[in-house]
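The file entry12.cif comes next; it holds mmCIF, C-alpha atoms.
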```
data_structure
#
loop_
_atom_site.label_atom_id
_atom_site.label_comp_id
_atom_site.auth_asym_id
_atom_site.auth_seq_id
_atom_site.Cartn_x
_atom_site.Cartn_y
_atom_site.Cartn_z
CA MET A 47 0.00 0.00 0.00
CA GLU A 48 2.87 2.32 0.78
CA ASN A 49 4.33 1.58 -2.66
CA LEU A 50 0.99 2.40 -4.31
CA HIS A 51 0.86 5.71 -2.45
CA LYS A 52 4.45 6.56 -3.48
CA LYS A 53 3.92 5.60 -7.13
CA THR A 54 0.71 7.61 -7.35
CA PHE A 55 2.30 10.64 -5.70
CA PHE A 56 5.43 10.60 -7.86
CA THR A 57 3.36 10.08 -11.02
CA ILE A 58 1.16 13.10 -10.29
CA PHE A 59 4.05 15.21 -9.02
CA GLY A 60 6.23 14.21 -11.99
CA ILE A 61 3.60 15.00 -14.64
CA ILE A 62 2.70 18.42 -13.21
CA SER A 63 6.36 19.26 -12.57
CA LEU A 64 7.25 18.24 -16.11
CA PHE A 65 4.72 20.71 -17.53
CA ALA A 66 6.03 23.45 -15.22
CA ILE A 67 9.64 22.77 -16.26
CA ILE A 68 8.74 22.65 -19.96
CA PHE A 69 6.87 25.95 -19.64
CA THR A 70 9.88 27.54 -17.89
CA ILE A 71 12.26 26.27 -20.58
CA ILE A 72 10.01 27.48 -23.41
CA PHE A 73 9.58 30.88 -21.74
CA ASN A 74 13.34 31.42 -21.37
CA PHE A 75 14.05 29.96 -24.81
CA GLN A 76 11.63 32.37 -26.49
CA ILE A 77 13.23 35.39 -24.79
CA TYR A 78 16.71 34.08 -25.59
CA HIS A 79 15.76 33.39 -29.22
CA ARG A 80 14.21 36.83 -29.62
CA GLU A 81 17.35 38.55 -28.35
CA TYR A 82 19.60 36.29 -30.44
CA ILE A 83 17.66 37.09 -33.63
CA GLY A 84 17.71 40.80 -32.75
CA ILE A 85 21.49 40.78 -32.36
CA GLN A 86 21.98 38.72 -35.51
CA THR A 87 19.68 40.99 -37.53
CA ASN A 88 21.47 44.16 -36.43
CA LEU A 89 24.89 42.68 -37.16
CA THR A 90 23.74 41.64 -40.62
CA ARG A 91 22.20 45.02 -41.42
CA MET A 92 25.23 46.96 -40.32
CA GLN A 93 27.51 44.66 -42.29
CA ASN A 94 25.38 45.10 -45.42
CA ILE A 95 25.68 48.86 -45.16
CA THR A 96 29.46 48.80 -44.67
CA THR A 97 29.83 46.35 -47.57
CA ILE A 98 27.88 48.64 -49.92
CA LYS A 99 29.92 51.61 -48.75
CA HIS A 100 33.18 50.05 -49.95
CA ARG A 101 31.94 48.90 -53.34
CA PRO A 102 33.37 50.78 -56.38
CA LEU A 103 30.40 53.12 -56.85
CA ASP A 104 30.32 56.68 -58.03
CA LYS A 105 31.31 59.50 -55.76
CA GLU A 106 27.76 60.64 -55.10
CA LYS A 107 26.65 57.12 -54.09
CA LYS A 108 29.65 56.74 -51.76
CA LEU A 109 28.75 59.91 -49.94
CA ILE A 110 25.14 58.81 -49.53
CA ASN A 111 26.19 55.48 -48.13
CA ASP A 112 28.81 57.00 -45.87
CA GLU A 113 26.19 59.35 -44.48
CA GLU A 114 23.72 56.47 -44.04
CA LEU A 115 26.33 54.45 -42.12
CA ARG A 116 27.22 57.32 -39.80
CA ASN A 117 23.62 58.30 -39.16
CA ARG A 118 22.42 54.74 -38.58
CA LYS A 119 21.12 54.65 -35.01
CA VAL A 120 19.97 51.61 -33.03
CA MET A 121 17.94 52.11 -29.89
CA ASP A 122 18.04 48.62 -28.35
CA TYR A 123 21.76 47.87 -28.52
CA GLU A 124 25.16 49.55 -28.31
CA ILE A 125 26.57 48.95 -31.80
CA TYR A 126 29.99 50.05 -33.03
CA THR A 127 31.51 49.81 -36.49
CA PHE A 128 35.25 49.80 -37.15
CA ILE A 129 36.37 50.39 -40.75
CA LEU A 130 39.55 48.48 -41.66
CA ASN A 131 42.13 48.85 -44.41
CA GLU A 132 43.90 46.08 -46.30
CA ASN A 133 46.23 45.45 -43.32
CA ASN A 134 43.31 45.18 -40.88
CA ASP A 135 44.24 48.50 -39.30
CA ILE A 136 41.39 50.55 -37.88
CA ILE A 137 40.95 53.67 -39.99
CA ASP A 138 37.53 54.78 -38.77
CA LYS A 139 35.28 54.26 -35.75
CA ILE A 140 31.51 54.81 -35.68
CA SER A 141 29.04 54.53 -32.78
CA HIS A 142 25.43 53.77 -33.72
CA SER A 143 24.03 54.69 -30.32
CA ASP A 144 24.26 57.57 -27.90
CA ASN A 145 27.29 55.96 -26.25
CA SER A 146 30.72 57.14 -27.21
CA ILE A 147 33.46 54.71 -28.20
CA ASN A 148 35.54 54.01 -25.11
CA ASP A 149 38.85 52.24 -24.61
CA GLU A 150 37.14 48.98 -23.60
CA ILE A 151 35.39 48.69 -26.98
CA ILE A 152 38.59 49.55 -28.86
CA THR A 153 40.53 46.92 -26.87
CA GLU A 154 37.84 44.34 -27.66
CA ALA A 155 38.03 45.25 -31.35
CA GLN A 156 41.83 44.82 -31.34
CA LYS A 157 41.49 41.36 -29.74
CA ILE A 158 39.04 40.25 -32.41
CA ILE A 159 41.23 41.58 -35.22
CA GLU A 160 44.38 40.01 -33.79
CA SER A 161 42.63 36.65 -33.45
CA ASN A 162 42.33 36.76 -37.26
CA ASN A 163 38.91 35.14 -36.99
CA THR A 164 37.44 35.57 -40.46
CA SER A 165 34.09 33.99 -39.55
CA LYS A 166 31.22 36.25 -40.37
CA ILE A 167 28.84 36.51 -37.44
CA LYS A 168 29.97 35.25 -34.04
CA ILE A 169 27.39 35.17 -31.26
CA ASP A 170 28.38 33.02 -28.30
CA CYS A 171 26.18 32.12 -25.34
CA LEU A 172 24.24 35.24 -24.41
CA TYR A 173 24.26 34.19 -20.75
CA LEU A 174 28.07 34.30 -20.61
CA GLU A 175 29.49 36.73 -23.18
CA ASN A 176 29.57 40.54 -23.19
CA TYR A 177 30.08 41.10 -26.93
CA ALA A 178 28.94 39.71 -30.27
CA TYR A 179 30.48 40.74 -33.59
CA ASN A 180 30.54 40.48 -37.37
CA PHE A 181 34.09 40.48 -38.73
CA ASP A 182 34.60 41.01 -42.45
CA ASN A 183 38.35 40.69 -42.90
CA ASN A 184 39.97 43.66 -44.77
CA ASN A 185 36.71 45.58 -44.69
CA SER A 186 34.99 46.18 -41.36
CA LEU A 187 34.21 44.93 -37.87
CA THR A 188 30.81 45.43 -36.22
CA ILE A 189 30.59 44.89 -32.45
CA ILE A 190 27.47 44.80 -30.29
CA ASN A 191 27.73 45.29 -26.55
CA ILE A 192 25.30 42.67 -25.17
CA GLN A 193 25.99 43.17 -21.47
CA ASN A 194 22.51 44.60 -20.89
CA THR A 195 21.01 41.67 -22.78
CA LYS A 196 23.11 39.24 -20.74
CA ASN A 197 21.98 40.82 -17.46
CA MET A 198 18.35 40.83 -18.57
CA LEU A 199 18.47 37.15 -19.61
CA LEU A 200 20.17 36.14 -16.37
CA LYS A 201 17.63 38.07 -14.35
CA ASN A 202 14.77 36.38 -16.21
CA LEU A 203 16.42 32.98 -15.77
CA ILE A 204 16.95 33.43 -12.02
CA THR A 205 13.43 34.81 -11.57
CA SER A 206 11.88 31.92 -13.49
CA ILE A 207 13.92 29.37 -11.47
CA VAL A 208 12.80 30.95 -8.20
CA LEU A 209 9.20 30.92 -9.43
CA LEU A 210 9.62 27.30 -10.54
CA LEU A 211 10.93 26.26 -7.12
CA THR A 212 8.03 28.08 -5.45
CA LEU A 213 5.66 26.39 -7.85
CA GLU A 214 7.26 23.02 -7.10
CA ILE A 215 6.40 23.46 -3.41
CA ILE A 216 2.80 24.22 -4.36
CA ILE A 217 2.76 21.25 -6.77
CA TYR A 218 4.14 19.04 -3.98
CA LEU A 219 1.32 20.01 -1.62
CA ILE A 220 -1.31 19.67 -4.34
CA SER A 221 0.08 16.26 -5.37
CA LYS A 222 -0.13 15.02 -1.78
CA LYS A 223 -3.77 16.06 -1.54
CA ILE A 224 -4.65 14.52 -4.91
CA THR A 225 -2.80 11.31 -3.99
CA GLU A 226 -4.69 11.02 -0.72
CA TRP A 227 -7.99 11.60 -2.57
CA ILE A 228 -7.21 9.03 -5.29
CA THR A 229 -5.82 6.31 -3.01
CA LYS A 230 -8.31 6.74 -0.15
CA PRO A 231 -10.85 4.17 -1.50
CA VAL A 232 -8.03 1.68 -2.21
CA VAL A 233 -6.48 2.22 1.24
CA MET A 234 -9.83 1.74 2.95
CA SER A 235 -10.49 -1.43 0.94
CA PHE A 236 -6.99 -2.72 1.73
CA TYR A 237 -7.35 -2.19 5.47
CA ARG A 238 -10.85 -3.65 5.45
CA GLU A 239 -9.43 -6.77 3.81
CA LYS A 240 -6.63 -7.05 6.37
CA GLU A 241 -9.08 -6.46 9.20
CA PHE A 242 -11.41 -9.10 7.78
CA VAL A 243 -8.60 -11.68 7.51
CA ALA A 244 -7.51 -10.99 11.10
CA ASN A 245 -11.05 -11.07 12.50
CA ALA A 246 -12.06 -14.12 10.49
CA SER A 247 -8.94 -15.97 11.64
CA HIS A 248 -9.68 -15.14 15.26
CA GLU A 249 -13.31 -16.21 14.89
CA LEU A 250 -12.31 -19.52 13.28
CA LYS A 251 -9.84 -20.30 16.04
CA THR A 252 -12.51 -20.97 18.68
CA PRO A 253 -14.76 -23.42 16.76
CA LEU A 254 -11.67 -25.13 15.37
CA SER A 255 -10.28 -25.64 18.88
CA VAL A 256 -13.63 -27.14 19.92
CA MET A 257 -13.59 -29.46 16.93
CA MET A 258 -10.04 -30.62 17.68
CA ALA A 259 -10.93 -31.25 21.35
CA ASN A 260 -14.03 -33.26 20.38
CA ILE A 261 -12.06 -35.34 17.87
CA ASP A 262 -9.58 -36.23 20.60
CA CYS A 263 -12.49 -37.48 22.73
CA LEU A 264 -13.83 -39.84 20.09
CA ASP A 265 -13.37 -43.57 20.59
CA ILE A 266 -11.11 -44.97 17.91
CA ASN A 267 -11.74 -48.47 16.54
CA LYS A 268 -10.88 -50.31 13.37
CA LYS A 269 -13.98 -49.02 11.57
CA ASN A 270 -13.57 -45.31 12.26
CA GLU A 271 -9.81 -45.00 12.72
CA LYS A 272 -9.22 -43.96 9.11
CA TRP A 273 -11.91 -41.27 9.19
CA ILE A 274 -10.89 -39.87 12.57
CA ASN A 275 -7.26 -39.66 11.46
CA ASN A 276 -8.37 -37.82 8.32
CA LEU A 277 -10.34 -35.38 10.47
CA LYS A 278 -7.32 -34.82 12.71
CA ASN A 279 -5.03 -34.21 9.75
CA GLU A 280 -7.38 -31.73 8.11
CA THR A 281 -8.12 -29.84 11.35
CA ASP A 282 -4.38 -29.62 11.98
CA ARG A 283 -3.89 -28.23 8.47
CA MET A 284 -6.67 -25.72 9.02
CA ASN A 285 -5.20 -24.73 12.37
CA ASN A 286 -1.79 -24.15 10.75
CA LEU A 287 -3.40 -22.08 8.00
CA ILE A 288 -5.26 -19.88 10.49
CA THR A 289 -2.05 -19.42 12.49
CA LYS A 290 -0.24 -18.35 9.32
CA LEU A 291 -3.03 -15.91 8.45
CA LEU A 292 -2.76 -14.38 11.91
CA ASP A 293 1.03 -14.14 11.51
CA LEU A 294 0.52 -12.45 8.14
CA SER A 295 -1.87 -9.95 9.69
CA LYS A 296 0.57 -9.21 12.53
CA SER A 297 3.46 -8.71 10.07
CA GLU A 298 1.45 -5.97 8.33
CA TYR A 299 0.89 -4.04 11.57
CA LEU A 300 4.40 -3.80 13.00
CA LYS A 301 4.85 -0.48 14.80
CA LYS A 302 8.16 1.36 15.07
CA GLU A 303 7.52 2.23 18.72
CA ASN A 304 7.86 -1.50 19.51
CA PHE A 305 11.36 -1.64 18.00
CA ASN A 306 14.41 -2.00 20.23
CA LYS A 307 18.14 -2.13 19.65
CA ASN A 308 19.13 -5.81 19.44
CA ASN A 309 22.25 -7.81 18.67
CA LEU A 310 21.34 -9.08 15.20
CA SER A 311 24.44 -11.29 15.12
CA MET A 312 23.19 -13.29 18.10
CA ILE A 313 19.65 -13.51 16.66
CA VAL A 314 20.96 -15.00 13.41
CA GLU A 315 23.33 -17.38 15.19
CA LYS A 316 20.60 -18.61 17.55
CA ASN A 317 18.18 -19.33 14.70
CA ALA A 318 20.89 -21.14 12.73
CA LEU A 319 21.55 -23.42 15.72
CA THR A 320 17.81 -24.04 16.19
CA PHE A 321 17.46 -25.46 12.69
CA GLU A 322 20.56 -27.68 12.76
CA SER A 323 18.55 -30.71 13.93
CA LEU A 324 15.97 -30.26 11.17
CA ALA A 325 18.74 -29.89 8.59
CA TYR A 326 20.47 -32.98 9.95
CA GLU A 327 17.42 -35.11 9.08
CA LYS A 328 18.08 -34.30 5.40
CA ASN A 329 21.85 -34.67 5.74
CA ILE A 330 22.19 -30.92 5.22
CA THR A 331 24.94 -28.97 6.94
CA ILE A 332 24.42 -25.35 8.03
CA GLU A 333 27.51 -23.13 7.81
CA THR A 334 27.60 -19.57 9.08
CA ASP A 335 29.74 -16.50 8.46
CA ILE A 336 28.40 -13.95 10.94
CA THR A 337 30.08 -10.65 11.74
CA GLU A 338 29.99 -10.13 15.49
CA LYS A 339 28.17 -7.39 17.38
CA ILE A 340 25.96 -6.02 14.63
CA TYR A 341 23.30 -4.02 16.45
CA PHE A 342 20.05 -3.12 14.78
CA LEU A 343 16.87 -1.30 15.82
CA CYS A 344 14.22 -3.92 15.17
CA HIS A 345 11.28 -5.99 16.41
CA LYS A 346 13.10 -9.06 17.77
CA GLU A 347 10.19 -11.53 17.52
CA SER A 348 9.61 -10.55 13.89
CA LEU A 349 13.30 -10.96 13.04
CA ASP A 350 13.20 -14.43 14.62
CA GLU A 351 10.22 -15.27 12.44
CA LEU A 352 11.94 -13.87 9.33
CA LEU A 353 15.00 -16.06 9.90
CA SER A 354 12.83 -19.05 10.73
CA ILE A 355 10.95 -18.70 7.45
CA LEU A 356 14.06 -18.24 5.30
CA ILE A 357 16.11 -21.02 6.92
CA ASP A 358 13.17 -23.44 6.88
CA ASN A 359 12.61 -22.57 3.21
CA ALA A 360 16.30 -23.26 2.44
CA ILE A 361 16.11 -26.67 4.16
CA SER A 362 12.81 -27.61 2.48
CA TYR A 363 14.09 -26.85 -1.02
CA GLY A 364 17.71 -27.86 -0.48
CA ILE A 365 18.94 -31.17 -1.84
CA GLU A 366 20.23 -33.88 0.47
CA ASN A 367 23.93 -34.03 1.37
CA SER A 368 24.35 -30.33 0.61
CA LYS A 369 25.21 -27.22 2.61
CA ILE A 370 23.26 -24.13 3.58
CA ARG A 371 25.29 -20.99 4.09
CA ILE A 372 24.11 -18.11 6.27
CA ASN A 373 26.08 -14.86 5.92
CA LEU A 374 25.63 -11.70 7.94
CA THR A 375 27.84 -8.71 7.11
CA ASN A 376 27.63 -4.96 7.47
CA THR A 377 29.05 -1.72 6.10
CA LYS A 378 28.72 1.84 7.35
CA THR A 379 25.36 2.22 5.64
CA GLU A 380 23.72 -1.20 5.50
CA ILE A 381 23.40 -4.72 6.91
CA LYS A 382 23.25 -7.67 4.52
CA LEU A 383 21.85 -11.10 5.32
CA GLU A 384 22.26 -13.97 2.84
CA ILE A 385 20.81 -17.47 3.08
CA ILE A 386 22.14 -19.71 0.32
CA ASN A 387 21.07 -23.28 -0.46
CA LYS A 388 21.82 -25.75 -3.24
CA GLY A 389 18.75 -26.97 -5.09
CA ASP A 390 16.48 -26.50 -8.06
CA PRO A 391 16.75 -22.90 -9.36
CA ILE A 392 13.78 -20.53 -9.13
CA PRO A 393 12.58 -19.63 -12.66
CA THR A 394 13.29 -16.00 -13.51
CA GLU A 395 9.61 -15.23 -14.16
CA GLU A 396 8.74 -16.40 -10.62
CA LEU A 397 11.37 -14.46 -8.66
CA GLU A 398 8.92 -11.64 -7.84
CA LYS A 399 5.82 -13.86 -7.55
CA ILE A 400 7.24 -16.02 -4.77
CA PHE A 401 6.68 -13.16 -2.30
CA GLU A 402 2.97 -12.92 -3.13
CA ARG A 403 0.37 -14.35 -0.74
CA PHE A 404 -0.67 -17.95 -1.42
CA TYR A 405 1.76 -18.26 -4.33
CA ARG A 406 3.27 -21.75 -4.58
CA ASN A 407 5.57 -22.66 -7.43
CA ASP A 408 5.52 -26.33 -6.45
CA LYS A 409 1.97 -27.07 -5.29
CA SER A 410 2.44 -30.80 -4.75
CA HIS A 411 5.56 -30.28 -2.63
CA ASN A 412 3.88 -27.56 -0.56
CA ARG A 413 0.77 -29.61 0.06
CA LYS A 414 2.79 -32.59 1.30
CA SER A 415 4.84 -30.38 3.61
CA GLY A 416 1.80 -28.43 4.84
CA LYS A 417 2.86 -25.11 3.32
CA TYR A 418 0.38 -22.52 2.04
CA GLY A 419 2.49 -19.95 0.22
CA LEU A 420 2.32 -17.41 3.05
CA GLY A 421 5.79 -17.71 4.57
CA LEU A 422 7.69 -15.55 2.07
CA SER A 423 4.87 -13.01 2.01
CA ILE A 424 5.20 -12.71 5.81
CA ALA A 425 8.99 -12.43 5.43
CA LYS A 426 8.61 -9.61 2.91
CA ASN A 427 6.21 -7.71 5.21
CA ILE A 428 8.70 -8.00 8.08
CA VAL A 429 11.57 -6.72 5.91
CA LEU A 430 9.51 -3.80 4.57
CA ALA A 431 8.41 -2.88 8.10
CA HIS A 432 12.12 -2.48 8.90
CA ASN A 433 12.68 -0.28 5.80
CA GLY A 434 14.64 -3.09 4.15
CA LYS A 435 14.67 -4.90 0.84
CA ILE A 436 14.42 -8.61 0.09
CA ARG A 437 15.09 -10.46 -3.14
CA ALA A 438 15.83 -13.94 -4.40
CA TYR A 439 17.99 -15.14 -7.25
CA SER A 440 19.42 -18.42 -8.55
CA LYS A 441 22.88 -18.88 -10.01
CA ASP A 442 25.08 -21.91 -10.75
CA GLY A 443 22.75 -24.33 -8.95
CA TYR A 444 22.47 -22.18 -5.80
CA THR A 445 19.50 -20.09 -4.65
CA THR A 446 20.14 -17.00 -2.54
CA PHE A 447 17.68 -15.01 -0.45
CA GLU A 448 19.22 -11.60 0.20
CA VAL A 449 17.95 -9.12 2.79
CA LYS A 450 19.36 -5.60 3.16
CA PHE A 451 18.65 -3.17 6.00
CA LYS A 452 19.75 0.46 5.94
CA ILE A 453 21.62 1.44 9.08
CA ASN A 454 21.29 5.22 8.68
CA GLU A 455 17.49 5.03 8.84
CA HIS A 456 17.51 3.58 12.34
#
```
As structure tokens, the full file:
Amino acid sequence: MENLHKKTFFTIFGIISLFAIIFTIIFNFQIYHREYIGIQTNLTRMQNITTIKHRPLDKEKKLINDEELRNRKVMDYEIYTFILNENNDIIDKISHSDNSINDEIITEAQKIIESNNTSKIKIDCLYLENYAYNFDNNNSLTIINIQNTKNMLLKNLITSIVLLLTLEIIIYLISKKITEWITKPVVMSFYREKEFVANASHELKTPLSVMMANIDCLDINKKNEKWINNLKNETDRMNNLITKLLDLSKSEYLKKENFNKNNLSMIVEKNALTFESLAYEKNITIETDITEKIYFLCHKESLDELLSILIDNAISYGIENSKIRINLTNTKTEIKLEIINKGDPIPTEELEKIFERFYRNDKSHNRKSGKYGLGLSIAKNIVLAHNGKIRAYSKDGYTTFEVKFKINEH
């Protein structure tokens, strides 16, 4: 249920956030593109005028063009034109705005000329550069001061990012409310189901106990022995099933306030020793590699049950005359428990299904051994209640159940 809530929240939050981010990108891109085109257009126009001015026209035409170049004013940008001779020496300087030509612009023009960059229009990133230019080698150099444009674009970018972050907070709150509204019917149904299973199991316990007591009181003879034994076997199976259902219900209601700091190393070692006699019946040896004094904030009874389920599962599915290995190690951030047995591999398509309730990949084997497909589901609930992860995988004839707990969350 927690996973459903998270997936729903992140889906809603992600979709709305994506639209907000796309809108922010488009908004800044449009402003950037507009300024870029404006700079490019002005550079092109000024270059066209200077090119016409130096064509071999008649004297009257030259004067007209020279006057047009000098009187060309641009309101939005600081534009400067430098006329060059054959040696790329500056022979004339013209300002096309109200700003006079200062030493900074002249120095910039000298740098461009000395770089011998004969590319026509050069407009670098408007967020980073202060100047754009059009360099026509042996003719002219047009420079635009884009510092005001750069400052305006940066201001718009910062403002839009701040607005986006503010909007993200609002989207986060809205997404939480929408998630709660969407998942509320599912959550209610889920908890009703769990409550029903728990209540039904409790209610079945009493009549079942009465039935078992009455069966024990029956007189057994040759005629009814078979039927009474069948009744005993089936009531025992039903009693085990109800017990498992109650365990499943308890595993879904573990509360953090009931957690205590325990020596996990000792818990694992104790459970390994407990199952040695059961493993011995199948000629299976249990080997352990347990790091000492690993302390963990946990529900001790649930951890005992988790280990009991996993070790019992390893013995049940392990082949005779083999070994089961139990490893417990830790790092600064996590604790890792591994239970490895040799046996038939778990098919890849069933690796996730084995943790589902009532799932049994080998129904005949489970029925003979009295299993109902609830053990691994209970184990998964216990691991999730401790903010851990559990998975299973098979490799080279060995099956491993791996449990990881994060230390920094406890």
Legend entry - Selected residue of minimal separation from A:Phe447 among A:Ile189, A:Ile385, A:Ile58, A:Cys344, counting all atoms listed in the file: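 Among A:Ile189, A:Ile385, A:Ile58, A:Cys344, it is A:Ile385 that comes nearest to A:Phe447.
Take atom CA of A:Ile372 and atom CA of A:Glu395: the distance between them is 25.2 Å.
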Inset, instruction - Take atom CA of A:Leu209 and atom CA of A:Phe73 and report the distance between them in Å, one decimal. - result: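 One can read the atom CA of A:Leu209 to atom CA of A:Phe73 distance as 12.3 Å.
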Legend entry - Among listed residues A:Lys223, A:Lys399, A:Lys307, A:Lys316, nearest A:Lys426 (using all atoms listed in the file):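 For A:Lys426, the nearest of the given residues is A:Lys399.
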Inset, instruction - Could you check how far atom CA of A:Gln156 sits from atom CA of A:Thr87, in Å to one decimal? - result: 23.3 Å
I need the residue set behind the PyMOL selection byres ((chain A and resi 446) around 9) for this file; please write it as a PDB file with C-alpha atoms, keeping the file's coordinate frame.
```
ATOM      1  CA  ALA A 360      16.300 -23.260   2.440  1.00  0.00           C
ATOM      2  CA  GLU A 384      22.260 -13.970   2.840  1.00  0.00           C
ATOM      3  CA  ILE A 385      20.810 -17.470   3.080  1.00  0.00           C
ATOM      4  CA  ILE A 386      22.140 -19.710   0.320  1.00  0.00           C
ATOM      5  CA  ASN A 387      21.070 -23.280  -0.460  1.00  0.00           C
ATOM      6  CA  LYS A 388      21.820 -25.750  -3.240  1.00  0.00           C
ATOM      7  CA  ARG A 437      15.090 -10.460  -3.140  1.00  0.00           C
ATOM      8  CA  ALA A 438      15.830 -13.940  -4.400  1.00  0.00           C
ATOM      9  CA  TYR A 439      17.990 -15.140  -7.250  1.00  0.00           C
ATOM     10  CA  SER A 440      19.420 -18.420  -8.550  1.00  0.00           C
ATOM     11  CA  LYS A 441      22.880 -18.880 -10.010  1.00  0.00           C
ATOM     12  CA  TYR A 444      22.470 -22.180  -5.800  1.00  0.00           C
ATOM     13  CA  THR A 445      19.500 -20.090  -4.650  1.00  0.00           C
ATOM     14  CA  PHE A 447      17.680 -15.010  -0.450  1.00  0.00           C
ATOM     15  CA  GLU A 448      19.220 -11.600   0.200  1.00  0.00           C
TER      16      GLU A 448
END
```
Legend entry - Minimum-distance residue to A:Lys196, chosen among A:Tyr123, A:Gly364, A:Phe401, A:Asn148 (using all atoms listed in the file): A:Tyr123
Inset, instruction - Tell me which residues the PyMOL selection byres ((chain A and resi 195) around 12) grabs here, as a PyMOL selection string. - result: chain A and resi 77-82+84-85+122-124+171-178+190-194+196-202
Inset, instruction - Tell me, as a list in words, which residues lie within 12 Å of A:Asn279, counting all atoms listed in the file; anything in the same chain fewer than 4 positions away does not count. - result: Met258, Ile261, Asp262, Lys272, Trp273, Ile274, Asn275, Arg283, Met284, Asn285, Asn286, Lys414 and Gly416 of chain A
Go ahead and save the picked residues with C-alpha atoms, as a PDB file, keeping the file's coordinate frame.
```
ATOM      1  CA  MET A 258     -10.040 -30.620  17.680  1.00  0.00           C
ATOM      2  CA  ILE A 261     -12.060 -35.340  17.870  1.00  0.00           C
ATOM      3  CA  ASP A 262      -9.580 -36.230  20.600  1.00  0.00           C
ATOM      4  CA  LYS A 272      -9.220 -43.960   9.110  1.00  0.00           C
ATOM      5  CA  TRP A 273     -11.910 -41.270   9.190  1.00  0.00           C
ATOM      6  CA  ILE A 274     -10.890 -39.870  12.570  1.00  0.00           C
ATOM      7  CA  ASN A 275      -7.260 -39.660  11.460  1.00  0.00           C
ATOM      8  CA  ARG A 283      -3.890 -28.230   8.470  1.00  0.00           C
ATOM      9  CA  MET A 284      -6.670 -25.720   9.020  1.00  0.00           C
ATOM     10  CA  ASN A 285      -5.200 -24.730  12.370  1.00  0.00           C
ATOM     11  CA  ASN A 286      -1.790 -24.150  10.750  1.00  0.00           C
ATOM     12  CA  LYS A 414       2.790 -32.590   1.300  1.00  0.00           C
ATOM     13  CA  GLY A 416       1.800 -28.430   4.840  1.00  0.00           C
TER      14      GLY A 416
END
```
Nearby residues, (26.4, -11.2, 6.1) file frame, 6 Å, all atoms listed in the file, as a PDB file with C-alpha atoms, in the frame of the given file:
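Output file result_22.pdb follows:
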```pdb
ATOM      1  CA  ILE A 336      28.400 -13.950  10.940  1.00  0.00           C
ATOM      2  CA  ASN A 373      26.080 -14.860   5.920  1.00  0.00           C
ATOM      3  CA  LEU A 374      25.630 -11.700   7.940  1.00  0.00           C
ATOM      4  CA  THR A 375      27.840  -8.710   7.110  1.00  0.00           C
ATOM      5  CA  LYS A 382      23.250  -7.670   4.520  1.00  0.00           C
ATOM      6  CA  LEU A 383      21.850 -11.100   5.320  1.00  0.00           C
ATOM      7  CA  GLU A 384      22.260 -13.970   2.840  1.00  0.00           C
TER       8      GLU A 384
END
```
Legend entry - the PyMOL selection byres ((chain A and resi 435) around 6) applied to the shown file, residues as number ranges by chain: A: 434, 436, 449-450
Inset, instruction - Rank A:Asn74, A:Thr225, A:Gln93, A:Ser146 by their smallest atom-to-atom distance to A:Phe55, using all atoms listed in the file, and report the top residue only. - result: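 Ranked by minimum distance to A:Phe55, first place goes to A:Thr225.
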